[in-house]
$ cat target.csv   # CSV, C-alpha atoms
chain,number,residue,atom,x,y,z
B,1,MET,CA,49.8,19.4,59.1
B,2,SER,CA,46.7,17.4,58.2
B,3,ALA,CA,46.1,16.6,54.6
B,4,LEU,CA,43.3,18.5,53.0
B,5,LEU,CA,43.8,16.6,49.7
B,6,ARG,CA,45.6,13.3,49.5
B,7,ILE,CA,46.4,11.6,46.2
B,8,ASP,CA,47.8,8.0,46.1
B,9,GLY,CA,48.6,6.0,43.0
B,10,LEU,CA,46.5,8.2,40.7
B,11,ARG,CA,46.4,7.2,37.0
B,12,ALA,CA,44.6,9.1,34.3
B,13,TRP,CA,43.9,8.8,30.6
B,14,TYR,CA,42.9,10.9,27.6
B,15,GLY,CA,41.0,8.2,25.6
B,16,ALA,CA,43.4,5.3,25.3
B,17,ALA,CA,46.5,7.3,26.1
B,18,GLN,CA,47.6,7.1,29.7
B,19,VAL,CA,49.1,10.3,31.0
B,20,LEU,CA,49.3,9.9,34.8
B,21,HIS,CA,51.2,6.8,36.0
B,22,GLY,CA,50.8,6.7,39.8
B,23,VAL,CA,50.8,10.3,41.2
B,24,ASN,CA,51.3,10.6,45.0
B,25,LEU,CA,50.8,14.1,46.5
B,26,ALA,CA,49.4,15.7,49.6
B,27,ILE,CA,48.3,19.3,50.3
B,28,GLY,CA,47.7,20.5,53.8
B,29,GLU,CA,45.1,23.0,55.1
B,30,GLY,CA,46.2,26.5,54.0
B,31,GLU,CA,49.3,25.2,52.2
B,32,ALA,CA,50.6,26.4,48.9
B,33,VAL,CA,52.1,23.7,46.6
B,34,ALA,CA,53.7,24.5,43.2
B,35,LEU,CA,53.6,21.8,40.5
B,36,ALA,CA,56.6,22.1,38.3
B,37,GLY,CA,57.8,20.1,35.2
B,38,ARG,CA,58.3,20.3,31.5
B,39,ASN,CA,55.4,20.5,29.1
B,40,GLY,CA,53.9,17.1,28.7
B,41,SER,CA,54.8,16.0,32.2
B,42,GLY,CA,51.2,15.6,33.3
B,43,ARG,CA,50.7,18.7,35.4
B,44,SER,CA,47.6,20.1,33.7
B,45,THR,CA,46.2,16.5,33.5
B,46,LEU,CA,46.5,16.2,37.3
B,47,ALA,CA,44.6,19.5,37.7
B,48,LYS,CA,41.8,18.1,35.5
B,49,ALA,CA,41.8,14.8,37.3
B,50,ILE,CA,41.4,16.6,40.6
B,51,MET,CA,38.3,18.3,39.1
B,52,GLY,CA,36.8,15.2,37.6
B,53,LEU,CA,37.5,16.3,34.0
B,54,VAL,CA,39.4,13.2,32.9
B,55,ARG,CA,39.0,9.5,33.4
B,56,CYS,CA,41.2,8.3,36.3
B,57,GLU,CA,41.8,5.5,38.7
B,58,GLY,CA,43.5,5.3,42.1
B,59,ASP,CA,42.8,7.0,45.4
B,60,MET,CA,42.2,10.8,45.7
B,61,ARG,CA,40.5,12.1,48.9
B,62,TYR,CA,39.5,15.6,49.8
B,63,ARG,CA,38.8,15.8,53.6
B,64,GLY,CA,38.4,12.0,53.5
B,65,VAL,CA,35.9,12.0,50.6
B,66,GLN,CA,36.8,10.0,47.6
B,67,LEU,CA,36.9,12.1,44.4
B,68,VAL,CA,37.7,9.4,41.8
B,69,GLY,CA,34.5,8.9,39.8
B,70,MET,CA,32.8,12.0,41.2
B,71,ARG,CA,31.4,14.5,38.7
B,72,ALA,CA,33.0,18.0,38.4
B,73,PHE,CA,30.1,20.0,39.8
B,74,ARG,CA,30.0,17.8,42.9
B,75,ILE,CA,33.8,18.2,43.4
B,76,ALA,CA,33.4,22.0,43.2
B,77,ARG,CA,30.6,21.9,45.8
B,78,LEU,CA,32.9,20.1,48.2
B,79,GLY,CA,35.1,23.2,48.2
B,80,ILE,CA,37.6,22.9,45.4
B,81,GLY,CA,38.0,25.7,42.9
B,82,TYR,CA,39.7,25.6,39.5
B,83,VAL,CA,41.2,28.4,37.5
B,84,PRO,CA,42.3,27.0,34.1
B,85,GLU,CA,45.1,28.4,32.0
B,86,THR,CA,42.5,29.8,29.6
B,87,ARG,CA,40.8,31.7,32.5
B,88,ASP,CA,37.4,31.2,30.9
B,89,VAL,CA,35.8,34.5,32.0
B,90,PHE,CA,32.5,35.3,30.2
B,91,PRO,CA,33.7,38.1,27.8
B,92,THR,CA,30.3,39.6,27.0
B,93,LEU,CA,29.3,39.9,30.7
B,94,THR,CA,30.5,42.7,33.1
B,95,VAL,CA,33.0,42.0,35.9
B,96,ARG,CA,30.2,42.1,38.4
B,97,GLU,CA,28.0,39.8,36.4
B,98,ASN,CA,30.9,37.3,36.1
B,99,LEU,CA,31.2,37.4,39.9
B,100,VAL,CA,27.4,37.0,40.5
B,101,LEU,CA,27.5,33.8,38.4
B,102,GLY,CA,30.0,32.3,40.8
B,103,GLU,CA,28.2,33.3,44.0
B,104,ARG,CA,27.2,30.6,46.5
B,105,THR,CA,24.7,31.2,49.3
B,106,GLY,CA,26.3,31.3,52.7
B,107,ALA,CA,29.9,31.5,51.3
B,108,ARG,CA,32.7,33.1,53.3
B,109,PHE,CA,33.6,35.2,50.3
B,110,ALA,CA,31.2,37.8,48.9
B,111,ILE,CA,31.5,40.2,46.0
B,112,ASP,CA,32.6,43.0,48.4
B,113,ASP,CA,35.4,40.7,49.6
B,114,ALA,CA,36.5,40.1,46.0
B,115,TYR,CA,36.6,43.9,45.4
B,116,ARG,CA,38.7,44.4,48.6
B,117,LEU,CA,41.2,41.7,47.4
B,118,PHE,CA,41.2,43.0,43.8
B,119,PRO,CA,40.6,46.8,43.9
B,120,SER,CA,41.0,47.1,40.1
B,121,LEU,CA,38.0,44.9,39.6
B,122,HIS,CA,35.9,47.2,41.8
B,123,GLU,CA,37.0,50.1,39.6
B,124,ARG,CA,36.0,48.2,36.5
B,125,SER,CA,32.9,46.4,37.8
B,126,ALA,CA,30.7,47.6,34.9
B,127,VAL,CA,33.2,46.8,32.2
B,128,LYS,CA,32.8,43.7,30.1
B,129,ALA,CA,35.3,41.0,30.9
B,130,GLY,CA,36.4,40.8,27.3
B,131,ALA,CA,37.8,44.3,27.5
B,132,LEU,CA,40.0,43.6,30.5
B,133,SER,CA,43.7,43.2,30.4
B,134,GLY,CA,45.2,39.7,30.8
B,135,GLY,CA,46.1,40.5,34.4
B,136,GLU,CA,42.6,41.8,35.2
B,137,GLN,CA,41.1,38.7,33.6
B,138,GLN,CA,43.3,36.5,35.8
B,139,MET,CA,42.2,38.4,38.9
B,140,LEU,CA,38.5,38.1,37.8
B,141,ALA,CA,38.9,34.3,37.3
B,142,LEU,CA,40.4,34.0,40.7
B,143,ALA,CA,37.7,36.2,42.3
B,144,ARG,CA,34.9,34.3,40.6
B,145,THR,CA,36.4,31.0,41.9
B,146,LEU,CA,36.3,32.5,45.4
B,147,MET,CA,32.6,33.1,45.1
B,148,GLY,CA,32.2,29.3,45.3
B,149,ASP,CA,33.8,29.4,48.8
B,150,PRO,CA,36.7,27.0,48.1
B,151,SER,CA,39.2,25.7,50.7
B,152,LEU,CA,41.5,24.7,47.9
B,153,ILE,CA,42.1,26.3,44.5
B,154,VAL,CA,43.9,24.7,41.6
B,155,ILE,CA,45.4,27.4,39.4
B,156,ASP,CA,47.0,26.5,36.0
B,157,GLU,CA,49.8,29.0,35.0
B,158,PRO,CA,48.6,32.0,37.0
B,159,GLY,CA,51.3,34.2,35.6
B,160,GLU,CA,51.2,33.1,31.9
B,161,GLY,CA,51.5,36.0,29.5
B,162,LEU,CA,51.5,38.6,32.3
B,163,ALA,CA,54.0,41.5,32.8
B,164,PRO,CA,56.3,41.2,35.9
B,165,ARG,CA,54.4,43.9,37.7
B,166,VAL,CA,51.1,42.2,37.2
B,167,ILE,CA,52.5,38.8,38.2
B,168,GLU,CA,53.6,40.5,41.5
B,169,GLN,CA,50.0,41.7,42.0
B,170,VAL,CA,48.6,38.2,41.4
B,171,ALA,CA,51.1,36.8,43.9
B,172,GLN,CA,50.1,39.4,46.5
B,173,SER,CA,46.5,38.4,46.0
B,174,LEU,CA,47.3,34.7,46.4
B,175,ALA,CA,49.2,35.5,49.5
B,176,MET,CA,46.2,37.3,51.0
B,177,LEU,CA,44.0,34.3,50.1
B,178,ARG,CA,46.5,32.0,51.8
B,179,SER,CA,46.4,34.2,54.9
B,180,ARG,CA,42.6,33.5,55.0
B,181,GLY,CA,43.2,29.8,55.1
B,182,VAL,CA,42.8,29.0,51.4
B,183,ALA,CA,45.1,26.2,50.2
B,184,MET,CA,46.4,26.2,46.6
B,185,LEU,CA,48.0,24.1,44.0
B,186,LEU,CA,49.8,26.2,41.4
B,187,ILE,CA,50.9,24.8,38.1
B,188,GLU,CA,53.8,27.0,37.2
B,189,GLU,CA,56.7,26.5,34.8
B,190,ARG,CA,59.1,29.1,36.1
B,191,LEU,CA,58.1,29.0,39.8
B,192,THR,CA,58.0,32.8,39.9
B,193,ILE,CA,54.9,33.0,42.0
B,194,ALA,CA,55.9,29.9,44.0
B,195,ARG,CA,59.0,31.8,45.2
B,196,MET,CA,56.9,34.8,46.2
B,197,LEU,CA,54.6,32.5,48.2
B,198,ASN,CA,57.4,30.3,49.6
B,199,ALA,CA,55.5,27.4,48.3
B,200,ARG,CA,56.4,23.7,48.6
B,201,VAL,CA,57.4,22.3,45.2
B,202,ALA,CA,56.4,19.0,43.6
B,203,VAL,CA,58.2,18.2,40.3
B,204,MET,CA,56.4,16.0,37.8
B,205,GLY,CA,57.9,13.9,35.0
B,206,HIS,CA,56.6,10.9,33.0
B,207,GLY,CA,53.2,11.3,34.7
B,208,ALA,CA,54.4,11.0,38.3
B,209,VAL,CA,55.9,13.1,41.1
B,210,GLN,CA,59.7,12.8,40.9
B,211,PHE,CA,60.5,15.3,43.7
B,212,ASP,CA,58.5,16.8,46.6
B,213,GLY,CA,60.1,19.3,49.0
B,214,ALA,CA,61.1,22.9,49.8
B,215,LEU,CA,62.1,25.2,47.0
B,216,ASP,CA,65.5,25.7,48.6
B,217,GLU,CA,66.1,22.0,48.6
B,218,LEU,CA,65.1,21.8,44.9
B,219,THR,CA,67.7,24.4,44.0
B,220,ARG,CA,70.4,22.2,45.6
B,221,ARG,CA,69.2,19.1,43.7
B,222,GLU,CA,71.1,19.5,40.5
B,223,ASP,CA,70.1,16.0,39.5
B,224,VAL,CA,66.4,16.7,39.7
B,225,VAL,CA,66.7,20.0,37.9
B,226,ARG,CA,68.8,18.5,35.1
B,227,GLU,CA,66.6,15.4,34.7
B,228,TRP,CA,63.1,16.9,35.1
B,229,LEU,CA,63.2,20.6,34.6
B,230,ALA,CA,66.2,21.7,32.4
B,231,VAL,CA,65.4,22.3,28.7
B,232,GLY,CA,67.9,21.6,26.0

$ encode --input "target.csv" --output "structure tokens"
Amino acid sequence: MSALLRIDGLRAWYGAAQVLHGVNLAIGEGEAVALAGRNGSGRSTLAKAIMGLVRCEGDMRYRGVQLVGMRAFRIARLGIGYVPETRDVFPTLTVRENLVLGERTGARFAIDDAYRLFPSLHERSAVKAGALSGGEQQMLALARTLMGDPSLIVIDEPGEGLAPRVIEQVAQSLAMLRSRGVAMLLIEERLTIARMLNARVAVMGHGAVQFDGALDELTRREDVVREWLAVG
């Protein structure tokens, strides 16, 4: 599988504090990769580094194009979408108005496609985003990202604060996107959606990737689970 995104020796900082200490990771076309790790391991910082939102050094290429030093809007135009943990929908705008803001001329995904993927958004297209449930806001954030026609989406905690039934709906939506060739990097503490998608797992600790492999392999690696994932 060819690498859609390849990261080698990536380092990143918040001010003077270094958070990433040489991240190595590759994501293939249409692949789902889950990024696991304890709080403070550097997972969200990696997402922000991919999107050009923090200062970083190293080598990070998307379809061969160097992302380090590139501004966020240019990275988005290359075909990388980002759904932050806060979702960041526009609460005073309707569902449809939120989607229109994300539209890109000539994109593979149109508003009608978003409505087919997320039928509940179609039903609530005239409702203001601030009145949606947490699950509906997550779906709206995903749908709006798709309007930018990404080939890779970076999603920070897609199931955070959602009921199990809604998490399953989000997972089904992500599976449909993957079937359409969209690759994804999921930042997920409990790996609930990763299991549903049969995603590859990369475990972060101390600002670097400490394990990279199949979920089944991770469950057999008690040393990795104990050292980098177990709490208490």

$ closest_residue --input "target.csv" --among "B:Ala194, B:Ala36, B:Ala16, B:Leu117" --to "Ala230 (chain B)" --atoms "all atoms listed in the file"
B:Ala36

$ residues_around --input "target.csv" --residues "Tyr62 (chain B)" --least-positions-apart "4" --cutoff "8 Å" --atoms "only C-alpha atoms" --output "list in words"
Leu4, Leu5, Arg6, Gln66 and Leu67 of chain B

$ atom_distance --input "target.csv" --atom1 "CA of Ser41 (chain B)" --atom2 "CA of Ala163 (chain B)"
25.5 Å

$ closest_residue --input "target.csv" --among "B:Leu191, B:Ala126, B:Leu162, B:Ala107" --to "Gln138 (chain B)" --atoms "only C-alpha atoms"
B:Leu162

$ residues_near_point --input "target.csv" --point "(57.8, 21.2, 31.1)" --cutoff "9 Å" --atoms "all atoms listed in the file" --output "ChimeraX atom specification"
/B:36-43,189,204-205,228-231

$ residues_near_point --input "target.csv" --point "(40.5, 24.4, 41.0)" --cutoff "9 Å" --atoms "all atoms listed in the file" --output "VMD selection string"
chain B and resid 47 to 48 50 to 51 76 80 to 84 145 150 152 to 156 184 to 185

$ atom_distance --input "target.csv" --atom1 "CA of Ile7 (chain B)" --atom2 "CA of Leu25 (chain B)"
5.1 Å

$ atom_distance --input "target.csv" --atom1 "CA of Asn198 (chain B)" --atom2 "CA of Gln210 (chain B)"
19.7 Å

$ build_atoms --input "target.csv" --residues "region 166-177 of chain B" --atoms "all heavy atoms" --output "short mmCIF file (atom, residue, chain, number, x, y, z; two decimals), in the coordinates of the input"
data_model
loop_
_atom_site.label_atom_id
_atom_site.label_comp_id
_atom_site.auth_asym_id
_atom_site.auth_seq_id
_atom_site.Cartn_x
_atom_site.Cartn_y
_atom_site.Cartn_z
N VAL B 166 52.38 42.79 36.99
CA VAL B 166 51.10 42.20 37.20
C VAL B 166 51.22 40.82 37.89
O VAL B 166 50.40 40.46 38.74
CB VAL B 166 50.35 42.00 35.83
CG1 VAL B 166 48.98 41.37 36.04
CG2 VAL B 166 50.21 43.35 35.14
N ILE B 167 52.28 40.09 37.55
CA ILE B 167 52.50 38.80 38.20
C ILE B 167 52.70 39.06 39.73
O ILE B 167 52.19 38.30 40.55
CB ILE B 167 53.80 38.14 37.65
CG1 ILE B 167 53.51 37.62 36.24
CG2 ILE B 167 54.27 36.99 38.55
CD1 ILE B 167 54.73 37.05 35.54
N GLU B 168 53.39 40.13 40.09
CA GLU B 168 53.60 40.50 41.50
C GLU B 168 52.21 40.77 42.16
O GLU B 168 51.96 40.37 43.30
CB GLU B 168 54.51 41.65 41.65
CG GLU B 168 54.86 41.94 43.09
CD GLU B 168 55.97 42.98 43.22
OE1 GLU B 168 56.61 43.30 42.21
OE2 GLU B 168 56.17 43.47 44.35
N GLN B 169 51.33 41.45 41.45
CA GLN B 169 50.00 41.70 42.00
C GLN B 169 49.21 40.43 42.21
O GLN B 169 48.54 40.27 43.23
CB GLN B 169 49.23 42.64 41.03
CG GLN B 169 49.76 44.06 40.97
CD GLN B 169 49.03 44.91 39.93
OE1 GLN B 169 48.37 44.39 39.04
NE2 GLN B 169 49.14 46.23 40.05
N VAL B 170 49.29 39.52 41.23
CA VAL B 170 48.60 38.20 41.40
C VAL B 170 49.17 37.47 42.58
O VAL B 170 48.42 36.90 43.38
CB VAL B 170 48.73 37.40 40.09
CG1 VAL B 170 48.21 35.98 40.31
CG2 VAL B 170 47.98 38.06 38.95
N ALA B 171 50.50 37.48 42.73
CA ALA B 171 51.10 36.80 43.90
C ALA B 171 50.68 37.39 45.19
O ALA B 171 50.41 36.66 46.16
CB ALA B 171 52.65 36.87 43.73
N GLN B 172 50.59 38.72 45.25
CA GLN B 172 50.10 39.40 46.50
C GLN B 172 48.69 38.96 46.79
O GLN B 172 48.34 38.73 47.97
CB GLN B 172 50.24 40.88 46.34
CG GLN B 172 51.67 41.40 46.33
CD GLN B 172 51.76 42.87 45.98
OE1 GLN B 172 50.78 43.50 45.58
NE2 GLN B 172 52.95 43.45 46.13
N SER B 173 47.86 38.86 45.76
CA SER B 173 46.50 38.40 46.00
C SER B 173 46.41 37.01 46.48
O SER B 173 45.64 36.70 47.40
CB SER B 173 45.69 38.56 44.65
OG SER B 173 45.71 39.88 44.17
N LEU B 174 47.23 36.13 45.92
CA LEU B 174 47.30 34.70 46.40
C LEU B 174 47.76 34.65 47.81
O LEU B 174 47.27 33.83 48.60
CB LEU B 174 48.13 33.91 45.44
CG LEU B 174 47.58 33.69 44.03
CD1 LEU B 174 48.60 32.96 43.16
CD2 LEU B 174 46.26 32.93 44.06
N ALA B 175 48.73 35.49 48.16
CA ALA B 175 49.20 35.50 49.50
C ALA B 175 48.13 35.91 50.51
O ALA B 175 48.01 35.36 51.61
CB ALA B 175 50.43 36.44 49.66
N MET B 176 47.30 36.88 50.11
CA MET B 176 46.20 37.30 51.00
C MET B 176 45.17 36.15 51.11
O MET B 176 44.65 35.92 52.21
CB MET B 176 45.49 38.53 50.37
CG MET B 176 46.27 39.82 50.58
SD MET B 176 45.31 41.29 50.11
CE MET B 176 45.37 41.20 48.33
N LEU B 177 44.92 35.43 50.02
CA LEU B 177 44.00 34.30 50.10
C LEU B 177 44.55 33.23 51.05
O LEU B 177 43.82 32.66 51.86
CB LEU B 177 43.76 33.70 48.72
CG LEU B 177 43.07 34.59 47.70
CD1 LEU B 177 42.90 33.85 46.39
CD2 LEU B 177 41.72 35.05 48.22
#
